[in-house]
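**Q** Pasting input31.tsv here (TSV, C-alpha atoms):
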chain	number	residue	atom	x	y	z
B	1	MET	CA	0.00	0.00	0.00
B	2	THR	CA	1.27	3.41	-0.87
B	3	HIS	CA	0.40	6.48	1.12
B	4	SER	CA	-0.07	9.95	-0.21
B	5	ALA	CA	-1.61	13.15	1.03
B	6	ILE	CA	-4.30	14.94	-0.95
B	7	SER	CA	-3.56	18.38	-2.35
B	8	PHE	CA	-6.53	20.76	-2.26
B	9	GLU	CA	-4.78	22.98	-4.82
B	10	GLN	CA	-4.30	20.11	-7.24
B	11	LYS	CA	-7.87	18.86	-6.85
B	12	LEU	CA	-9.32	22.36	-7.19
B	13	ALA	CA	-7.37	22.91	-10.39
B	14	SER	CA	-8.90	19.78	-11.91
B	15	PHE	CA	-12.45	21.13	-12.25
B	16	SER	CA	-14.21	24.41	-12.81
B	17	ASP	CA	-17.94	23.70	-12.52
B	18	HIS	CA	-19.90	25.16	-9.63
B	19	TRP	CA	-22.22	23.42	-7.16
B	20	ALA	CA	-20.83	20.04	-8.18
B	21	PRO	CA	-19.16	18.50	-5.11
B	22	LYS	CA	-16.28	16.07	-5.72
B	23	ILE	CA	-15.53	13.37	-3.18
B	24	ILE	CA	-11.81	13.54	-2.43
B	25	ALA	CA	-11.53	11.48	0.74
B	26	GLN	CA	-13.44	9.24	3.11
B	27	MET	CA	-13.14	8.86	6.88
B	28	ASN	CA	-15.08	5.93	8.31
B	29	ASP	CA	-18.53	6.45	6.74
B	30	TYR	CA	-18.10	10.17	6.05
B	31	HIS	CA	-17.15	11.79	2.77
B	32	PHE	CA	-14.95	14.83	2.29
B	33	LYS	CA	-15.98	16.84	-0.75
B	34	LEU	CA	-14.54	19.81	-2.59
B	35	VAL	CA	-16.93	22.22	-4.23
B	36	LYS	CA	-16.76	25.58	-5.96
B	37	LEU	CA	-19.61	27.92	-5.15
B	38	GLN	CA	-20.91	30.92	-7.04
B	39	GLY	CA	-24.10	32.80	-6.28
B	40	ASP	CA	-26.98	31.27	-4.37
B	41	PHE	CA	-28.00	27.68	-3.78
B	42	VAL	CA	-31.53	26.48	-3.11
B	43	TRP	CA	-32.38	26.62	0.58
B	44	HIS	CA	-32.64	23.18	2.12
B	45	SER	CA	-32.13	21.24	5.32
B	46	HIS	CA	-30.65	17.93	6.46
B	47	GLN	CA	-32.74	16.40	9.21
B	48	GLU	CA	-30.58	13.36	9.91
B	49	THR	CA	-27.07	14.75	9.94
B	50	ASP	CA	-24.84	17.71	10.52
B	51	GLU	CA	-22.76	19.15	7.73
B	52	VAL	CA	-19.49	21.03	8.09
B	53	PHE	CA	-18.20	23.61	5.64
B	54	ILE	CA	-14.61	24.84	5.58
B	55	VAL	CA	-14.01	27.92	3.44
B	56	LEU	CA	-10.65	27.60	1.67
B	57	SER	CA	-10.91	30.74	-0.39
B	58	GLY	CA	-13.49	33.47	-0.93
B	59	GLU	CA	-16.66	34.09	1.03
B	60	MET	CA	-19.58	31.95	2.10
B	61	ARG	CA	-22.85	32.80	3.83
B	62	ILE	CA	-25.21	30.22	5.27
B	63	ALA	CA	-28.69	31.56	5.99
B	64	PHE	CA	-30.86	30.06	8.73
B	65	ARG	CA	-34.44	30.83	9.62
B	66	ASP	CA	-33.22	32.85	12.57
B	67	GLY	CA	-29.88	34.20	11.48
B	68	GLN	CA	-26.87	33.68	9.30
B	69	ALA	CA	-23.22	32.66	9.45
B	70	ASP	CA	-20.52	34.23	7.32
B	71	ARG	CA	-16.99	33.03	6.66
B	72	GLN	CA	-14.24	34.26	4.43
B	73	ALA	CA	-10.75	33.06	3.69
B	74	ARG	CA	-7.83	34.52	1.76
R	1	MET	CA	-30.22	30.67	18.69
R	2	THR	CA	-27.44	32.68	17.13
R	3	HIS	CA	-25.25	31.37	14.37
R	4	SER	CA	-21.63	32.15	13.82
R	5	ALA	CA	-18.79	30.67	11.83
R	6	ILE	CA	-15.54	29.64	13.48
R	7	SER	CA	-12.37	31.48	12.55
R	8	PHE	CA	-9.29	29.26	12.38
R	9	GLU	CA	-7.10	32.35	12.60
R	10	GLN	CA	-8.79	33.56	15.76
R	11	LYS	CA	-8.68	30.14	17.41
R	12	LEU	CA	-5.05	29.60	16.45
R	13	ALA	CA	-4.10	32.96	17.93
R	14	SER	CA	-5.62	31.96	21.26
R	15	PHE	CA	-3.04	29.31	22.18
R	16	SER	CA	0.62	28.57	21.62
R	17	ASP	CA	1.28	25.15	23.15
R	18	HIS	CA	2.16	22.24	20.90
R	19	TRP	CA	0.61	18.77	20.73
R	20	ALA	CA	-2.40	19.96	22.70
R	21	PRO	CA	-5.48	19.62	20.47
R	22	LYS	CA	-8.37	22.01	21.12
R	23	ILE	CA	-11.90	20.98	20.20
R	24	ILE	CA	-13.41	23.79	18.15
R	25	ALA	CA	-16.45	22.14	16.63
R	26	GLN	CA	-18.53	18.98	16.62
R	27	MET	CA	-20.40	17.29	13.78
R	28	ASN	CA	-22.71	14.49	14.87
R	29	ASP	CA	-20.41	12.43	17.12
R	30	TYR	CA	-17.13	13.67	15.61
R	31	HIS	CA	-14.87	16.36	16.99
R	32	PHE	CA	-12.92	18.92	15.01
R	33	LYS	CA	-9.69	19.88	16.74
R	34	LEU	CA	-7.02	22.46	16.11
R	35	VAL	CA	-3.47	21.61	17.08
R	36	LYS	CA	-0.02	23.12	16.65
R	37	LEU	CA	2.73	20.62	15.91
R	38	GLN	CA	6.46	20.92	16.33
R	39	GLY	CA	8.93	18.11	16.01
R	40	ASP	CA	7.99	14.45	16.39
R	41	PHE	CA	5.10	12.78	18.13
R	42	VAL	CA	5.12	9.26	19.53
R	43	TRP	CA	4.16	6.70	16.89
R	44	HIS	CA	0.75	5.20	17.54
R	45	SER	CA	-2.30	3.71	15.84
R	46	HIS	CA	-6.08	3.91	16.09
R	47	GLN	CA	-7.65	0.52	15.48
R	48	GLU	CA	-11.27	1.57	15.67
R	49	THR	CA	-11.41	4.73	13.63
R	50	ASP	CA	-9.92	6.77	10.86
R	51	GLU	CA	-8.42	10.17	11.52
R	52	VAL	CA	-8.16	13.04	9.07
R	53	PHE	CA	-5.52	15.76	9.17
R	54	ILE	CA	-5.77	19.02	7.25
R	55	VAL	CA	-2.57	21.06	7.14
R	56	LEU	CA	-3.43	24.75	7.41
R	57	SER	CA	0.13	26.04	7.53
R	58	GLY	CA	3.60	24.52	7.52
R	59	GLU	CA	4.56	20.92	6.88
R	60	MET	CA	3.42	17.58	8.21
R	61	ARG	CA	4.69	14.07	7.68
R	62	ILE	CA	2.82	10.94	8.75
R	63	ALA	CA	4.97	7.82	8.81
R	64	PHE	CA	3.48	4.38	8.26
R	65	ARG	CA	5.14	0.97	8.53
R	66	ASP	CA	5.27	0.82	4.75
R	67	GLY	CA	5.59	4.42	3.65
R	68	GLN	CA	4.88	8.00	4.50
R	69	ALA	CA	2.60	10.87	3.53
R	70	ASP	CA	3.74	14.48	3.38
R	71	ARG	CA	1.65	17.63	3.19
R	72	GLN	CA	2.52	21.28	3.24
R	73	ALA	CA	0.49	24.44	3.12
R	74	ARG	CA	1.34	28.11	2.75
Could you write out this file's structure as structure tokens?

**A**
Amino acid sequence: MTHSAISFEQKLASFSDHWAPKIIAQMNDYHFKLVKLQGDFVWHSHQETDEVFIVLSGEMRIAFRDGQADRQAR
Amino acid sequence: MTHSAISFEQKLASFSDHWAPKIIAQMNDYHFKLVKLQGDFVWHSHQETDEVFIVLSGEMRIAFRDGQADRQAR
């Protein structure tokens, strides 16, 4: 078995479409996905699970019924 | 309920000790931890779970019995 780390930069350079998550890693039964966002996405909810978003570059806003969360990265 | 995003920069600025992971978020029954590394850590294994490491800054090497994985970030 060979071991190698995953490069976000390399993976991000390999696609340009928006709102099309790519699975780049798995931990136990969880997926890690890379996605490029632009503009708005349809408002939705996940009743059975949490989701985590890490902003690597740019800005992201998540709107809730009772507030919002903003994050930006260089 | 108020919503706010977590700033890695702000959390990282709040401590300076090494090899002392800080839990900064939870998703379902998983913890997200920030840690500052310097030098080597004792070699160990986790039989019951995977672990994921994301390198935010600097370099990291994980050694396996049959290889190694290196990652670096700006």

**Q** Using all atoms listed in the file and a cut-off of 7 Å, which residues of chain B sit close to chain R? Please list them as a CSV table (one decimal) with C-alpha atoms, keeping the file's coordinate frame.

**A**
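Here's the written file out.csv:
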chain,number,residue,atom,x,y,z
B,2,THR,CA,1.3,3.4,-0.9
B,3,HIS,CA,0.4,6.5,1.1
B,4,SER,CA,-0.1,10.0,-0.2
B,5,ALA,CA,-1.6,13.2,1.0
B,27,MET,CA,-13.1,8.9,6.9
B,28,ASN,CA,-15.1,5.9,8.3
B,49,THR,CA,-27.1,14.8,9.9
B,50,ASP,CA,-24.8,17.7,10.5
B,51,GLU,CA,-22.8,19.2,7.7
B,52,VAL,CA,-19.5,21.0,8.1
B,67,GLY,CA,-29.9,34.2,11.5
B,68,GLN,CA,-26.9,33.7,9.3
B,69,ALA,CA,-23.2,32.7,9.4
B,70,ASP,CA,-20.5,34.2,7.3
B,71,ARG,CA,-17.0,33.0,6.7

**Q** What separation in Å, quoted to one decimal, exists between atom CA of B:His46 and atom CA of B:Phe15?

**A**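 Spanning atom CA of B:His46 to atom CA of B:Phe15 is a straight-line distance of 26.3 Å.
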
**Q** Could you fit chain B onto chain R with a least-squares superposition over all C-alpha atoms, matched one to one in order, and give me the transformed chain as a compact mmCIF listing (two decimals) with C-alpha atoms, in the frame of the given file?

**A**
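Below is the file out_18.txt, written as the result:
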# COMPACT_ATOMS: atom_id res chain seq x y z
CA MET B 1 -30.19 30.64 18.68
CA THR B 2 -27.43 32.66 17.15
CA HIS B 3 -25.25 31.36 14.38
CA SER B 4 -21.63 32.14 13.83
CA ALA B 5 -18.80 30.67 11.83
CA ILE B 6 -15.55 29.64 13.47
CA SER B 7 -12.37 31.48 12.54
CA PHE B 8 -9.28 29.25 12.38
CA GLU B 9 -7.08 32.36 12.59
CA GLN B 10 -8.79 33.57 15.75
CA LYS B 11 -8.68 30.16 17.41
CA LEU B 12 -5.04 29.60 16.45
CA ALA B 13 -4.09 32.96 17.93
CA SER B 14 -5.62 31.97 21.27
CA PHE B 15 -3.03 29.32 22.18
CA SER B 16 0.61 28.58 21.61
CA ASP B 17 1.28 25.16 23.15
CA HIS B 18 2.16 22.24 20.90
CA TRP B 19 0.60 18.77 20.73
CA ALA B 20 -2.40 19.97 22.71
CA PRO B 21 -5.48 19.62 20.47
CA LYS B 22 -8.38 22.02 21.10
CA ILE B 23 -11.90 20.99 20.21
CA ILE B 24 -13.41 23.80 18.14
CA ALA B 25 -16.46 22.13 16.62
CA GLN B 26 -18.55 18.98 16.62
CA MET B 27 -20.40 17.28 13.77
CA ASN B 28 -22.71 14.48 14.87
CA ASP B 29 -20.41 12.41 17.12
CA TYR B 30 -17.14 13.67 15.62
CA HIS B 31 -14.88 16.37 16.99
CA PHE B 32 -12.93 18.93 15.00
CA LYS B 33 -9.70 19.88 16.73
CA LEU B 34 -7.01 22.47 16.12
CA VAL B 35 -3.47 21.61 17.07
CA LYS B 36 -0.02 23.12 16.66
CA LEU B 37 2.71 20.63 15.91
CA GLN B 38 6.45 20.92 16.35
CA GLY B 39 8.94 18.09 16.00
CA ASP B 40 7.99 14.46 16.37
CA PHE B 41 5.09 12.77 18.11
CA VAL B 42 5.12 9.25 19.52
CA TRP B 43 4.16 6.68 16.90
CA HIS B 44 0.76 5.18 17.54
CA SER B 45 -2.28 3.72 15.84
CA HIS B 46 -6.07 3.92 16.08
CA GLN B 47 -7.63 0.53 15.50
CA GLU B 48 -11.28 1.57 15.68
CA THR B 49 -11.40 4.74 13.64
CA ASP B 50 -9.92 6.78 10.86
CA GLU B 51 -8.42 10.17 11.52
CA VAL B 52 -8.16 13.04 9.06
CA PHE B 53 -5.52 15.75 9.18
CA ILE B 54 -5.78 19.02 7.26
CA VAL B 55 -2.58 21.06 7.14
CA LEU B 56 -3.42 24.76 7.41
CA SER B 57 0.12 26.04 7.53
CA GLY B 58 3.59 24.51 7.53
CA GLU B 59 4.55 20.92 6.88
CA MET B 60 3.41 17.58 8.23
CA ARG B 61 4.69 14.05 7.68
CA ILE B 62 2.82 10.94 8.75
CA ALA B 63 4.97 7.81 8.82
CA PHE B 64 3.47 4.36 8.26
CA ARG B 65 5.11 0.98 8.52
CA ASP B 66 5.27 0.82 4.75
CA GLY B 67 5.60 4.41 3.66
CA GLN B 68 4.86 8.00 4.49
CA ALA B 69 2.59 10.88 3.52
CA ASP B 70 3.73 14.48 3.37
CA ARG B 71 1.66 17.64 3.17
CA GLN B 72 2.53 21.28 3.25
CA ALA B 73 0.50 24.45 3.12
CA ARG B 74 1.39 28.12 2.79

**Q** Just how far from atom CA of R:Gln38 is atom CA of R:Ala13, in Å to one decimal?

**A**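 So the answer is 16.1 Å.
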
**Q** What's the separation between atom CA of R:Gln47 and atom CA of B:Tyr30, in Å to one decimal place?

**A**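 Spanning atom CA of R:Gln47 to atom CA of B:Tyr30 is a straight-line distance of 17.1 Å.
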
**Q** Looking at B:His18, B:Ile23, B:Val42, B:Arg74, which one is nearest to B:Ser57, with distances taken over all atoms listed in the file?

**A**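 Distance minimum relative to B:Ser57 lands on B:Arg74.
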
**Q** Set the distance at 12 Å and use only C-alpha atoms: which residues neighbour R:Ser14 once local chain neighbours fewer than 3 positions away are removed? I'd like the list as a short mmCIF file (atom, residue, chain, number, x, y, z; two decimals) with C-alpha atoms, in the frame of the given file.

**A**
data_model
loop_
_atom_site.label_atom_id
_atom_site.label_comp_id
_atom_site.auth_asym_id
_atom_site.auth_seq_id
_atom_site.Cartn_x
_atom_site.Cartn_y
_atom_site.Cartn_z
CA SER R 7 -12.37 31.48 12.55
CA PHE R 8 -9.29 29.26 12.38
CA GLU R 9 -7.10 32.35 12.60
CA GLN R 10 -8.79 33.56 15.76
CA LYS R 11 -8.68 30.14 17.41
CA ASP R 17 1.28 25.15 23.15
CA LYS R 22 -8.37 22.01 21.12
CA ILE R 24 -13.41 23.79 18.15
CA LEU R 34 -7.02 22.46 16.11
CA VAL R 35 -3.47 21.61 17.08
CA LYS R 36 -0.02 23.12 16.65
#

**Q** Grab all the atoms of stretch 16-35 of chain R that the file lists, wrap them in a box along x, y and z, add 3 Å per side, and give me centre plus edge lengths in Å (one decimal) as lines of an AutoDock Vina configuration file.

**A**
center_x = -10.3
center_y = 20.5
center_z = 18.5
size_x = 30.9
size_y = 22.1
size_z = 15.4
